[in-house]
$ cat target07.cif   # mmCIF, C-alpha atoms and all ligand atoms
data_target
#
loop_
_atom_site.group_PDB
_atom_site.id
_atom_site.type_symbol
_atom_site.label_atom_id
_atom_site.label_comp_id
_atom_site.auth_asym_id
_atom_site.auth_seq_id
_atom_site.Cartn_x
_atom_site.Cartn_y
_atom_site.Cartn_z
ATOM 1 C CA MET A 1 18.412 -0.760 21.444
ATOM 2 C CA GLU A 2 18.225 0.686 17.934
ATOM 3 C CA SER A 3 15.742 3.593 17.818
ATOM 4 C CA ALA A 4 12.846 3.659 15.367
ATOM 5 C CA LEU A 5 14.530 6.587 13.649
ATOM 6 C CA SER A 6 17.817 4.837 13.026
ATOM 7 C CA LYS A 7 15.944 1.703 11.922
ATOM 8 C CA ALA A 8 14.109 3.890 9.417
ATOM 9 C CA HIS A 9 17.432 5.188 8.107
ATOM 10 C CA THR A 10 18.780 1.671 7.789
ATOM 11 C CA LYS A 11 15.700 0.493 5.909
ATOM 12 C CA ALA A 12 15.858 3.388 3.476
ATOM 13 C CA ARG A 13 19.605 2.940 2.941
ATOM 14 C CA GLU A 14 19.051 -0.733 2.143
ATOM 15 C CA ALA A 15 16.530 0.186 -0.520
ATOM 16 C CA MET A 16 18.765 2.944 -1.857
ATOM 17 C CA SER A 17 21.875 0.795 -2.200
ATOM 18 C CA THR A 18 20.047 -1.780 -4.305
ATOM 19 C CA LEU A 19 18.493 0.909 -6.456
ATOM 20 C CA ASP A 20 21.622 3.024 -6.837
ATOM 21 C CA ASN A 21 22.284 1.599 -10.295
ATOM 22 C CA ASP A 22 19.364 3.764 -11.407
ATOM 23 C CA PRO A 23 21.055 7.189 -11.599
ATOM 24 C CA THR A 24 17.739 9.087 -11.467
ATOM 25 C CA SER A 25 16.813 7.576 -8.156
ATOM 26 C CA THR A 26 19.607 8.713 -5.859
ATOM 27 C CA THR A 27 18.678 12.332 -5.138
ATOM 28 C CA GLN A 28 15.051 11.457 -4.783
ATOM 29 C CA ALA A 29 15.935 8.585 -2.490
ATOM 30 C CA LYS A 30 17.665 11.054 -0.185
ATOM 31 C CA THR A 31 14.503 13.153 -0.087
ATOM 32 C CA SER A 32 12.584 9.997 0.757
ATOM 33 C CA LEU A 33 15.052 9.213 3.493
ATOM 34 C CA ASN A 34 14.373 12.586 5.109
ATOM 35 C CA GLN A 35 10.638 12.143 4.700
ATOM 36 C CA LEU A 36 10.814 8.682 6.232
ATOM 37 C CA ALA A 37 12.893 10.005 9.117
ATOM 38 C CA LYS A 38 10.298 12.747 9.669
ATOM 39 C CA ASN A 39 7.446 10.245 9.672
ATOM 40 C CA GLU A 40 9.262 7.936 12.051
ATOM 41 C CA THR A 41 10.032 10.837 14.390
ATOM 42 C CA SER A 42 6.417 11.947 14.541
ATOM 43 C CA LYS A 43 5.382 8.313 15.024
ATOM 44 C CA ASP A 44 7.755 8.099 18.023
ATOM 45 C CA GLN A 45 6.341 11.312 19.440
ATOM 46 C CA THR A 46 2.696 10.337 19.125
ATOM 47 C CA SER A 47 3.485 6.898 20.521
ATOM 48 C CA LYS A 48 1.646 3.798 19.383
ATOM 49 C CA GLU A 49 -1.802 4.817 18.209
ATOM 50 C CA GLN A 50 -2.656 2.246 15.507
ATOM 51 C CA LYS A 51 -4.144 3.534 12.299
ATOM 52 C CA SER A 52 -6.755 1.626 10.331
ATOM 53 C CA TYR A 53 -8.283 1.792 6.877
ATOM 54 C CA HIS A 54 -10.621 4.641 6.014
ATOM 55 C CA THR A 55 -14.239 4.073 5.091
ATOM 56 C CA LYS A 56 -14.872 7.398 3.363
ATOM 57 C CA ALA A 57 -13.009 8.953 0.451
ATOM 58 C CA THR A 58 -11.390 12.368 0.848
ATOM 59 C CA GLY A 59 -10.175 15.098 -1.518
ATOM 60 C CA GLN A 60 -10.920 14.770 -5.217
ATOM 61 C CA ALA A 61 -12.158 11.191 -4.818
ATOM 62 C CA LEU A 62 -14.828 12.370 -2.376
ATOM 63 C CA GLN A 63 -16.091 14.904 -4.926
ATOM 64 C CA THR A 64 -16.379 12.094 -7.476
ATOM 65 C CA VAL A 65 -18.214 9.886 -4.968
ATOM 66 C CA GLU A 66 -20.675 12.716 -4.315
ATOM 67 C CA LYS A 67 -21.261 13.256 -8.039
ATOM 68 C CA HIS A 68 -22.106 9.574 -8.419
ATOM 69 C CA SER A 69 -24.236 8.995 -5.357
ATOM 70 C CA THR A 70 -27.657 8.794 -6.993
ATOM 71 C CA ASP A 71 -29.272 5.494 -7.835
ATOM 72 C CA HIS A 72 -28.199 4.031 -11.182
ATOM 73 C CA ASP A 73 -28.498 0.763 -13.041
ATOM 74 C CA LEU A 74 -24.700 0.447 -13.137
ATOM 75 C CA LYS A 75 -23.315 0.236 -9.583
ATOM 76 C CA LEU A 76 -19.697 0.027 -8.466
ATOM 77 C CA TYR A 77 -19.283 -1.422 -4.970
ATOM 78 C CA GLY A 78 -15.970 -0.053 -3.855
ATOM 79 C CA SER A 79 -13.730 0.973 -0.976
ATOM 80 C CA CYS A 80 -11.886 4.270 -1.031
ATOM 81 C CA PHE A 81 -8.449 2.823 -0.182
ATOM 82 C CA CYS A 82 -8.583 -0.148 -2.565
ATOM 83 C CA PRO A 83 -6.320 -0.118 -5.642
ATOM 84 C CA PHE A 84 -8.275 -2.920 -7.366
ATOM 85 C CA VAL A 85 -11.395 -0.737 -7.079
ATOM 86 C CA GLN A 86 -9.511 2.266 -8.389
ATOM 87 C CA ARG A 87 -8.771 0.391 -11.616
ATOM 88 C CA VAL A 88 -12.476 0.026 -12.368
ATOM 89 C CA TRP A 89 -13.245 3.495 -11.096
ATOM 90 C CA ILE A 90 -10.647 5.109 -13.388
ATOM 91 C CA SER A 91 -12.104 3.109 -16.308
ATOM 92 C CA LEU A 92 -15.636 4.391 -15.584
ATOM 93 C CA GLU A 93 -14.392 7.967 -15.324
ATOM 94 C CA HIS A 94 -12.244 7.670 -18.436
ATOM 95 C CA LYS A 95 -15.191 6.383 -20.445
ATOM 96 C CA GLY A 96 -17.459 9.068 -19.000
ATOM 97 C CA LEU A 97 -20.153 6.500 -18.152
ATOM 98 C CA ASP A 98 -23.026 7.184 -15.783
ATOM 99 C CA TYR A 99 -22.791 5.022 -12.714
ATOM 100 C CA GLN A 100 -23.441 4.894 -8.989
ATOM 101 C CA TYR A 101 -20.534 4.543 -6.548
ATOM 102 C CA ILE A 102 -21.388 2.644 -3.358
ATOM 103 C CA GLU A 103 -18.807 2.632 -0.572
ATOM 104 C CA VAL A 104 -18.654 -0.697 1.277
ATOM 105 C CA ASP A 105 -16.360 -2.130 3.943
ATOM 106 C CA PRO A 106 -15.101 -5.378 2.396
ATOM 107 C CA TYR A 107 -13.788 -6.624 5.746
ATOM 108 C CA ALA A 108 -17.304 -6.352 7.232
ATOM 109 C CA LYS A 109 -18.677 -8.334 4.236
ATOM 110 C CA PRO A 110 -22.099 -6.633 3.973
ATOM 111 C CA LYS A 111 -24.880 -8.611 2.285
ATOM 112 C CA SER A 112 -25.073 -6.043 -0.554
ATOM 113 C CA LEU A 113 -21.477 -6.983 -1.482
ATOM 114 C CA LEU A 114 -21.853 -10.739 -0.940
ATOM 115 C CA ASP A 115 -24.940 -10.722 -3.184
ATOM 116 C CA VAL A 116 -22.747 -9.563 -6.063
ATOM 117 C CA ASN A 117 -19.463 -11.177 -5.041
ATOM 118 C CA PRO A 118 -19.741 -14.309 -2.872
ATOM 119 C CA ARG A 119 -15.962 -14.020 -2.249
ATOM 120 C CA GLY A 120 -16.679 -10.756 -0.425
ATOM 121 C CA LEU A 121 -13.996 -8.698 -2.170
ATOM 122 C CA VAL A 122 -14.236 -5.286 -3.795
ATOM 123 C CA PRO A 123 -14.559 -4.217 -6.557
ATOM 124 C CA ALA A 124 -17.915 -5.678 -7.514
ATOM 125 C CA LEU A 125 -20.139 -4.353 -10.251
ATOM 126 C CA ARG A 126 -23.901 -4.650 -10.606
ATOM 127 C CA HIS A 127 -25.503 -3.898 -13.955
ATOM 128 C CA GLY A 128 -29.261 -4.225 -13.735
ATOM 129 C CA ASP A 129 -29.956 -7.618 -12.198
ATOM 130 C CA TRP A 130 -26.552 -9.004 -13.240
ATOM 131 C CA GLY A 131 -23.393 -8.733 -11.224
ATOM 132 C CA CYS A 132 -19.689 -9.589 -11.535
ATOM 133 C CA TYR A 133 -16.337 -9.065 -9.803
ATOM 134 C CA GLU A 134 -12.527 -9.211 -10.261
ATOM 135 C CA SER A 135 -10.996 -5.898 -11.304
ATOM 136 C CA THR A 136 -9.462 -7.100 -14.601
ATOM 137 C CA VAL A 137 -12.660 -8.897 -15.647
ATOM 138 C CA LEU A 138 -14.665 -5.775 -14.814
ATOM 139 C CA MET A 139 -12.350 -3.584 -16.883
ATOM 140 C CA GLU A 140 -12.844 -5.969 -19.807
ATOM 141 C CA TYR A 141 -16.623 -5.875 -19.290
ATOM 142 C CA LEU A 142 -16.637 -2.075 -19.444
ATOM 143 C CA GLU A 143 -14.575 -2.282 -22.662
ATOM 144 C CA ASP A 144 -17.086 -4.737 -24.131
ATOM 145 C CA LEU A 145 -19.954 -2.304 -23.547
ATOM 146 C CA ASN A 146 -18.403 -0.239 -26.331
ATOM 147 C CA GLN A 147 -19.442 3.015 -24.723
ATOM 148 C CA GLY A 148 -17.242 6.049 -24.242
ATOM 149 C CA GLU A 149 -13.506 6.202 -24.849
ATOM 150 C CA PRO A 150 -11.948 2.707 -25.207
ATOM 151 C CA LEU A 151 -8.879 1.748 -23.198
ATOM 152 C CA LEU A 152 -7.844 -1.166 -25.426
ATOM 153 C CA PRO A 153 -6.624 -0.499 -28.984
ATOM 154 C CA SER A 154 -8.715 -1.896 -31.867
ATOM 155 C CA ASP A 155 -6.012 -4.007 -33.537
ATOM 156 C CA PRO A 156 -6.205 -7.637 -32.220
ATOM 157 C CA LYS A 157 -2.424 -7.942 -31.900
ATOM 158 C CA ALA A 158 -2.156 -4.668 -29.984
ATOM 159 C CA ARG A 159 -5.027 -5.872 -27.746
ATOM 160 C CA ALA A 160 -3.190 -9.126 -27.037
ATOM 161 C CA HIS A 161 -0.018 -7.136 -26.300
ATOM 162 C CA SER A 162 -1.947 -5.028 -23.756
ATOM 163 C CA ARG A 163 -3.445 -8.115 -22.123
ATOM 164 C CA LEU A 164 -0.052 -9.799 -21.945
ATOM 165 C CA TRP A 165 1.468 -6.888 -20.044
ATOM 166 C CA ALA A 166 -1.598 -6.473 -17.857
ATOM 167 C CA ASP A 167 -0.986 -10.104 -16.889
ATOM 168 C CA HIS A 168 2.645 -9.274 -16.052
ATOM 169 C CA ILE A 169 1.411 -6.503 -13.754
ATOM 170 C CA ASN A 170 -1.044 -8.831 -12.020
ATOM 171 C CA ARG A 171 1.219 -11.824 -11.582
ATOM 172 C CA LYS A 172 4.679 -10.295 -11.188
ATOM 173 C CA ILE A 173 4.491 -6.672 -10.101
ATOM 174 C CA ILE A 174 1.508 -6.396 -7.730
ATOM 175 C CA PRO A 175 2.489 -9.338 -5.460
ATOM 176 C CA LEU A 176 5.969 -7.820 -5.104
ATOM 177 C CA PHE A 177 4.486 -4.466 -4.072
ATOM 178 C CA TYR A 178 2.840 -6.193 -1.093
ATOM 179 C CA ARG A 179 5.780 -8.466 -0.335
ATOM 180 C CA TYR A 180 8.052 -5.427 -0.124
ATOM 181 C CA LEU A 181 5.569 -3.440 1.991
ATOM 182 C CA GLN A 182 4.857 -6.338 4.362
ATOM 183 C CA GLU A 183 8.514 -7.336 4.795
ATOM 184 C CA GLN A 184 9.457 -6.717 8.432
ATOM 185 C CA ASP A 185 13.026 -8.003 8.211
ATOM 186 C CA ILE A 186 15.032 -4.856 7.519
ATOM 187 C CA SER A 187 17.883 -6.840 5.974
ATOM 188 C CA LYS A 188 15.495 -8.226 3.316
ATOM 189 C CA GLN A 189 13.749 -4.981 2.348
ATOM 190 C CA GLY A 190 16.551 -3.907 -0.010
ATOM 191 C CA GLU A 191 16.274 -7.232 -1.853
ATOM 192 C CA GLN A 192 12.480 -6.897 -2.119
ATOM 193 C CA ALA A 193 12.810 -3.343 -3.441
ATOM 194 C CA ALA A 194 15.318 -4.478 -6.063
ATOM 195 C CA GLU A 195 13.106 -7.403 -7.175
ATOM 196 C CA PHE A 196 10.082 -5.091 -7.415
ATOM 197 C CA LYS A 197 12.078 -2.577 -9.501
ATOM 198 C CA LYS A 198 13.372 -5.369 -11.731
ATOM 199 C CA GLN A 199 9.849 -6.432 -12.701
ATOM 200 C CA ILE A 200 8.900 -2.798 -13.337
ATOM 201 C CA ASP A 201 11.937 -2.482 -15.614
ATOM 202 C CA VAL A 202 10.763 -5.506 -17.628
ATOM 203 C CA LEU A 203 7.433 -3.732 -18.176
ATOM 204 C CA VAL A 204 9.121 -0.428 -19.046
ATOM 205 C CA ASP A 205 11.241 -2.246 -21.657
ATOM 206 C CA ALA A 206 8.044 -3.488 -23.319
ATOM 207 C CA ALA A 207 6.485 -0.001 -23.392
ATOM 208 C CA ASP A 208 6.451 2.442 -26.291
ATOM 209 C CA PRO A 209 9.897 4.124 -26.148
ATOM 210 C CA GLU A 210 8.467 7.649 -26.271
ATOM 211 C CA GLY A 211 5.401 7.214 -24.090
ATOM 212 C CA PRO A 212 4.606 8.725 -21.770
ATOM 213 C CA PHE A 213 1.988 5.957 -21.393
ATOM 214 C CA PHE A 214 2.442 2.261 -22.164
ATOM 215 C CA LEU A 215 1.259 2.433 -25.786
ATOM 216 C CA GLY A 216 2.118 6.059 -26.470
ATOM 217 C CA ASN A 217 0.433 9.361 -25.765
ATOM 218 C CA LYS A 218 -2.942 8.087 -24.498
ATOM 219 C CA LEU A 219 -3.902 6.438 -21.224
ATOM 220 C CA GLY A 220 -4.763 2.792 -21.962
ATOM 221 C CA PHE A 221 -5.610 -0.554 -20.397
ATOM 222 C CA VAL A 222 -2.090 -1.352 -19.147
ATOM 223 C CA ASP A 223 -1.728 2.102 -17.587
ATOM 224 C CA VAL A 224 -5.021 1.750 -15.722
ATOM 225 C CA GLN A 225 -4.080 -1.730 -14.514
ATOM 226 C CA PHE A 226 -0.934 -0.310 -12.933
ATOM 227 C CA ALA A 227 -2.006 3.271 -12.068
ATOM 228 C CA PRO A 228 -3.370 2.642 -8.530
ATOM 229 C CA TRP A 229 -0.056 1.124 -7.415
ATOM 230 C CA ILE A 230 1.948 3.861 -9.135
ATOM 231 C CA VAL A 231 -0.071 6.321 -7.032
ATOM 232 C CA ARG A 232 0.601 4.231 -3.902
ATOM 233 C CA MET A 233 4.356 4.159 -4.522
ATOM 234 C CA LYS A 234 4.572 7.837 -3.594
ATOM 235 C CA LYS A 235 1.838 7.727 -0.965
ATOM 236 C CA VAL A 236 2.765 4.458 0.753
ATOM 237 C CA LEU A 237 6.147 3.031 -0.308
ATOM 238 C CA VAL A 238 7.984 6.350 -0.005
ATOM 239 C CA PRO A 239 6.925 7.090 3.589
ATOM 240 C CA TYR A 240 6.940 3.495 4.864
ATOM 241 C CA ARG A 241 9.881 2.032 2.979
ATOM 242 C CA GLY A 242 11.955 4.959 1.707
ATOM 243 C CA TRP A 243 11.182 3.966 -1.871
ATOM 244 C CA PRO A 244 13.086 6.434 -4.084
ATOM 245 C CA GLU A 245 10.807 8.883 -5.827
ATOM 246 C CA ASP A 246 11.673 9.415 -9.466
ATOM 247 C CA ASP A 247 12.649 12.782 -10.921
ATOM 248 C CA GLY A 248 10.290 12.323 -13.889
ATOM 249 C CA LYS A 249 13.080 12.341 -16.497
ATOM 250 C CA GLY A 250 13.792 8.743 -17.548
ATOM 251 C CA ARG A 251 11.206 6.607 -19.372
ATOM 252 C CA TRP A 252 9.851 5.229 -16.080
ATOM 253 C CA GLY A 253 9.834 8.692 -14.500
ATOM 254 C CA LYS A 254 7.895 10.109 -17.470
ATOM 255 C CA TRP A 255 5.333 7.337 -17.106
ATOM 256 C CA VAL A 256 4.903 7.912 -13.357
ATOM 257 C CA HIS A 257 4.491 11.636 -13.944
ATOM 258 C CA ALA A 258 1.880 11.111 -16.702
ATOM 259 C CA VAL A 259 -0.123 8.627 -14.634
ATOM 260 C CA GLU A 260 -0.066 10.761 -11.476
ATOM 261 C CA ASN A 261 -1.265 13.760 -13.465
ATOM 262 C CA ASP A 262 -3.970 12.030 -15.465
ATOM 263 C CA GLU A 263 -7.292 13.690 -14.610
ATOM 264 C CA HIS A 264 -9.175 10.394 -14.216
ATOM 265 C CA VAL A 265 -6.524 9.029 -11.891
ATOM 266 C CA LYS A 266 -6.638 12.238 -9.857
ATOM 267 C CA ARG A 267 -10.452 12.195 -9.676
ATOM 268 C CA THR A 268 -10.368 8.770 -8.044
ATOM 269 C CA THR A 269 -7.518 9.529 -5.630
ATOM 270 C CA SER A 270 -7.997 10.668 -2.030
ATOM 271 C CA ASP A 271 -5.692 12.851 0.049
ATOM 272 C CA ASP A 272 -2.341 11.421 1.202
ATOM 273 C CA GLN A 273 -3.379 10.810 4.822
ATOM 274 C CA LEU A 274 -6.007 8.276 3.775
ATOM 275 C CA TYR A 275 -3.330 6.053 2.226
ATOM 276 C CA LEU A 276 -0.832 6.592 5.026
ATOM 277 C CA ASP A 277 -3.417 5.444 7.586
ATOM 278 C CA SER A 278 -5.000 2.692 5.510
ATOM 279 C CA TYR A 279 -1.674 1.003 4.683
ATOM 280 C CA GLU A 280 -0.132 1.093 8.159
ATOM 281 C CA ARG A 281 -1.607 -2.402 8.714
ATOM 282 C CA TYR A 282 0.347 -3.699 5.710
ATOM 283 C CA ALA A 283 3.531 -1.839 6.617
ATOM 284 C CA GLU A 284 3.435 -3.442 10.086
ATOM 285 C CA ASN A 285 2.248 -6.745 8.627
ATOM 286 C CA ARG A 286 -0.469 -6.985 11.277
ATOM 287 C CA PRO A 287 -2.193 -10.369 11.511
ATOM 288 C CA ASN A 288 -5.530 -10.660 9.673
ATOM 289 C CA THR A 289 -5.000 -7.480 7.696
ATOM 290 C CA SER A 290 -6.627 -8.820 4.543
ATOM 291 C CA GLU A 291 -6.919 -11.717 2.104
ATOM 292 C CA VAL A 292 -4.121 -10.093 0.089
ATOM 293 C CA SER A 293 -1.741 -9.853 3.055
ATOM 294 C CA LYS A 294 -2.521 -13.452 4.081
ATOM 295 C CA ALA A 295 -1.833 -14.723 0.568
ATOM 296 C CA ILE A 296 1.532 -12.913 0.511
ATOM 297 C CA ASN A 297 2.530 -14.220 3.960
ATOM 298 C CA GLU A 298 1.604 -17.756 2.914
ATOM 299 C CA GLY A 299 3.409 -17.484 -0.417
ATOM 300 C CA ARG A 300 0.179 -17.969 -2.404
ATOM 301 C CA GLY A 301 -1.028 -16.030 -5.442
ATOM 302 C CA LEU A 302 -3.219 -12.976 -4.806
ATOM 303 C CA PRO A 303 -6.939 -13.553 -4.120
HETATM 304 N N1 LIG B 1 -8.292 -10.130 -7.389
HETATM 305 C C1 LIG B 1 -9.208 -9.164 -6.837
HETATM 306 C C2 LIG B 1 -8.616 -8.589 -5.562
HETATM 307 C C3 LIG B 1 -9.600 -7.670 -4.827
HETATM 308 C C4 LIG B 1 -9.181 -7.412 -3.353
HETATM 309 O O1 LIG B 1 -8.330 -8.088 -2.802
HETATM 310 N N2 LIG B 1 -9.827 -6.404 -2.738
HETATM 311 C C5 LIG B 1 -9.587 -6.142 -1.336
HETATM 312 C C6 LIG B 1 -9.599 -4.655 -1.017
HETATM 313 S S1 LIG B 1 -8.222 -3.814 -1.712
HETATM 314 C C7 LIG B 1 -10.719 -6.745 -0.501
HETATM 315 O O2 LIG B 1 -11.860 -6.723 -0.893
HETATM 316 N N3 LIG B 1 -10.373 -7.280 0.677
HETATM 317 C C8 LIG B 1 -11.302 -7.875 1.583
HETATM 318 C C9 LIG B 1 -10.651 -8.928 2.443
HETATM 319 O O3 LIG B 1 -9.424 -9.090 2.382
HETATM 320 O O4 LIG B 1 -11.395 -9.604 3.178
HETATM 321 C C10 LIG B 1 -9.478 -8.109 -7.897
HETATM 322 O O5 LIG B 1 -8.632 -7.911 -8.786
HETATM 323 O O6 LIG B 1 -10.561 -7.524 -7.891
#

$ encode --input "target07.cif" --output "structure tokens" --more "lines below"
Ligand SMILES: N[C@@H](CCC(=O)N[C@@H](CS)C(=O)NCC(=O)O)C(=O)O
Amino acid sequence: MESALSKAHTKAREAMSTLDNDPTSTTQAKTSLNQLAKNETSKDQTSKEQKSYHTKATGQALQTVEKHSTDHDLKLYGSCFCPFVQRVWISLEHKGLDYQYIEVDPYAKPKSLLDVNPRGLVPALRHGDWGCYESTVLMEYLEDLNQGEPLLPSDPKARAHSRLWADHINRKIIPLFYRYLQEQDISKQGEQAAEFKKQIDVLVDAADPEGPFFLGNKLGFVDVQFAPWIVRMKKVLVPYRGWPEDDGKGRWGKWVHAVENDEHVKRTTSDDQLYLDSYERYAENRPNTSEVSKAINEGRGLP
């Protein structure tokens, strides 16, 4: 029988061969291959202890949680591992707003969350006695408060352009991230990786040619929409799927580098282990992982 280690090599090679047309990816892909092999080896050695999602932030994100633990009129109900939450969290940090961060387990559906979001998903936002949910809607709400640094440009056409590409991220790129991560058939993972990269390339073609961010030298709405998954490419797709890390030189590489090093992104990001553990469920496509994983398995749009 094929060992876990050689399966890991095969998976990574699949992804590499489809991505080889990107010259910047090859060396990094080899590094990923080694990393993946290392992870698979240690997995073999420690046998089958299943990891689950974390319920407490770590690293820089924990410091931010602690800074925002006192009661406030503006409350973000979030979960430390959740990329949809991180969008709203980065926006709050970027704007420098005062707020309270409340960690909730969205799979346990506590009443405090259901009171704000009857769908029981994070993020949810409470502002006084009003509440709302859906990460993109919440980012727009924070923009509409007109407080702190805006993420959308002021020109209506540039705003529409940002919203158009945010929509591309939501409808084309994000579902493919999960489809690729949840794909258990090794022979299909290369195809999924290539499709995912293709949709990223479409977005990169629409970006400002110099960058490093989508509209130029400042972090904006489109960057924040995508940032949590950019972070999870290195922390989740590299170790679980051998996704080739970029060398930071091409337009896409420059963007990844700028996003990963943005201080607001970093302040809302936990240590690597949190993501490795929290996404094992997706990487193994365990039944009942989440609404997102169910939607992907059933070929529906994201919840
Ligand atoms: N479309 C929603 C998606 C939010 C979402 O799926 N959040 C996940 C956590 S990352 C959740 O709350 N899952 C709970 C569940 O699957 O029951 C948004 O953009 O806010």

$ residues_near_ligand --input "target07.cif" --ligand "ligand LIG 1 (chain B)" --cutoff "6 Å" --atoms "all atoms listed in the file" --output "PyMOL selection string"
chain A and resi 82-84+106-107+121-123+134-136+290-292+303

$ closest_residue --input "target07.cif" --among "A:Glu149, A:Asp129, A:Glu280, A:Glu49" --to "Gly96 of chain A" --atoms "all atoms listed in the file"
A:Glu149

$ atom_distance --input "target07.cif" --atom1 "atom CA of Lys188 of chain A" --atom2 "atom CA of Lys254 of chain A"
28.7 Å

$ resolve_selection --input "target07.cif" --expression "the PyMOL selection byres (((chain A and resi 56) around 9) and not hetatm)" --output "ChimeraX atom specification"
/A:54-55,57-58,62,79-81,103,274

$ resolve_selection --input "target07.cif" --expression "the PyMOL selection byres (((chain A and resi 195) around 10) and not hetatm)" --output "PyMOL selection string"
chain A and resi 18-19+172-173+176-177+180+189-194+196-201

$ atom_distance --input "target07.cif" --atom1 "atom CA of Tyr178 of chain A" --atom2 "atom CA of Pro212 of chain A"
25.6 Å

$ residues_around --input "target07.cif" --residues "Lys234 of chain A" --least-positions-apart "3" --cutoff "10 Å" --atoms "only C-alpha atoms" --output "PyMOL selection string"
chain A and resi 32+229-231+237-240+242-246+256+260+272+275

$ write_last_selection --input "target07.cif" --atoms "C-alpha atoms" --output "PDB file, keeping the file's coordinate frame"
ATOM      1  CA  SER A  32      12.584   9.997   0.757  1.00  0.00           C
ATOM      2  CA  TRP A 229      -0.056   1.124  -7.415  1.00  0.00           C
ATOM      3  CA  ILE A 230       1.948   3.861  -9.135  1.00  0.00           C
ATOM      4  CA  VAL A 231      -0.071   6.321  -7.032  1.00  0.00           C
ATOM      5  CA  LEU A 237       6.147   3.031  -0.308  1.00  0.00           C
ATOM      6  CA  VAL A 238       7.984   6.350  -0.005  1.00  0.00           C
ATOM      7  CA  PRO A 239       6.925   7.090   3.589  1.00  0.00           C
ATOM      8  CA  TYR A 240       6.940   3.495   4.864  1.00  0.00           C
ATOM      9  CA  GLY A 242      11.955   4.959   1.707  1.00  0.00           C
ATOM     10  CA  TRP A 243      11.182   3.966  -1.871  1.00  0.00           C
ATOM     11  CA  PRO A 244      13.086   6.434  -4.084  1.00  0.00           C
ATOM     12  CA  GLU A 245      10.807   8.883  -5.827  1.00  0.00           C
ATOM     13  CA  ASP A 246      11.673   9.415  -9.466  1.00  0.00           C
ATOM     14  CA  VAL A 256       4.903   7.912 -13.357  1.00  0.00           C
ATOM     15  CA  GLU A 260      -0.066  10.761 -11.476  1.00  0.00           C
ATOM     16  CA  ASP A 272      -2.341  11.421   1.202  1.00  0.00           C
ATOM     17  CA  TYR A 275      -3.330   6.053   2.226  1.00  0.00           C
TER      18      TYR A 275
END

$ resolve_selection --input "target07.cif" --expression "the PyMOL selection byres (((chain A and resi 71) around 10) and not hetatm)" --output "count of residues only"
11

$ decode --input "target07.cif" --residues "segment 200-209 of chain A" --atoms "N, CA, C and O atoms" --output "PDB file, in the first residue's frame"
ATOM      1  N   ILE A 200      -7.210  33.423  -9.489  1.00  0.00           N
ATOM      2  CA  ILE A 200      -6.349  34.434  -8.853  1.00  0.00           C
ATOM      3  C   ILE A 200      -5.695  35.282  -9.942  1.00  0.00           C
ATOM      4  O   ILE A 200      -5.624  36.511  -9.837  1.00  0.00           O
ATOM      5  N   ASP A 201      -5.251  34.630 -11.011  1.00  0.00           N
ATOM      6  CA  ASP A 201      -4.605  35.360 -12.111  1.00  0.00           C
ATOM      7  C   ASP A 201      -5.556  36.386 -12.734  1.00  0.00           C
ATOM      8  O   ASP A 201      -5.124  37.482 -13.117  1.00  0.00           O
ATOM      9  N   VAL A 202      -6.830  36.032 -12.843  1.00  0.00           N
ATOM     10  CA  VAL A 202      -7.817  36.975 -13.392  1.00  0.00           C
ATOM     11  C   VAL A 202      -7.864  38.233 -12.509  1.00  0.00           C
ATOM     12  O   VAL A 202      -7.879  39.368 -12.994  1.00  0.00           O
ATOM     13  N   LEU A 203      -7.848  38.016 -11.201  1.00  0.00           N
ATOM     14  CA  LEU A 203      -7.871  39.142 -10.254  1.00  0.00           C
ATOM     15  C   LEU A 203      -6.578  39.968 -10.365  1.00  0.00           C
ATOM     16  O   LEU A 203      -6.624  41.200 -10.384  1.00  0.00           O
ATOM     17  N   VAL A 204      -5.455  39.272 -10.455  1.00  0.00           N
ATOM     18  CA  VAL A 204      -4.162  39.970 -10.535  1.00  0.00           C
ATOM     19  C   VAL A 204      -4.117  40.827 -11.808  1.00  0.00           C
ATOM     20  O   VAL A 204      -3.614  41.954 -11.792  1.00  0.00           O
ATOM     21  N   ASP A 205      -4.694  40.322 -12.894  1.00  0.00           N
ATOM     22  CA  ASP A 205      -4.729  41.097 -14.145  1.00  0.00           C
ATOM     23  C   ASP A 205      -5.534  42.383 -14.002  1.00  0.00           C
ATOM     24  O   ASP A 205      -5.296  43.353 -14.714  1.00  0.00           O
ATOM     25  N   ALA A 206      -6.514  42.377 -13.107  1.00  0.00           N
ATOM     26  CA  ALA A 206      -7.359  43.564 -12.910  1.00  0.00           C
ATOM     27  C   ALA A 206      -6.738  44.557 -11.923  1.00  0.00           C
ATOM     28  O   ALA A 206      -7.232  45.674 -11.763  1.00  0.00           O
ATOM     29  N   ALA A 207      -5.668  44.137 -11.247  1.00  0.00           N
ATOM     30  CA  ALA A 207      -5.057  44.981 -10.211  1.00  0.00           C
ATOM     31  C   ALA A 207      -4.161  46.057 -10.817  1.00  0.00           C
ATOM     32  O   ALA A 207      -3.708  45.935 -11.962  1.00  0.00           O
ATOM     33  N   ASP A 208      -3.903  47.081 -10.029  1.00  0.00           N
ATOM     34  CA  ASP A 208      -2.931  48.114 -10.413  1.00  0.00           C
ATOM     35  C   ASP A 208      -1.599  47.413 -10.760  1.00  0.00           C
ATOM     36  O   ASP A 208      -1.136  46.566  -9.990  1.00  0.00           O
ATOM     37  N   PRO A 209      -0.992  47.753 -11.910  1.00  0.00           N
ATOM     38  CA  PRO A 209       0.205  47.004 -12.326  1.00  0.00           C
ATOM     39  C   PRO A 209       1.391  47.125 -11.360  1.00  0.00           C
ATOM     40  O   PRO A 209       2.193  46.204 -11.245  1.00  0.00           O
TER      41      PRO A 209
END
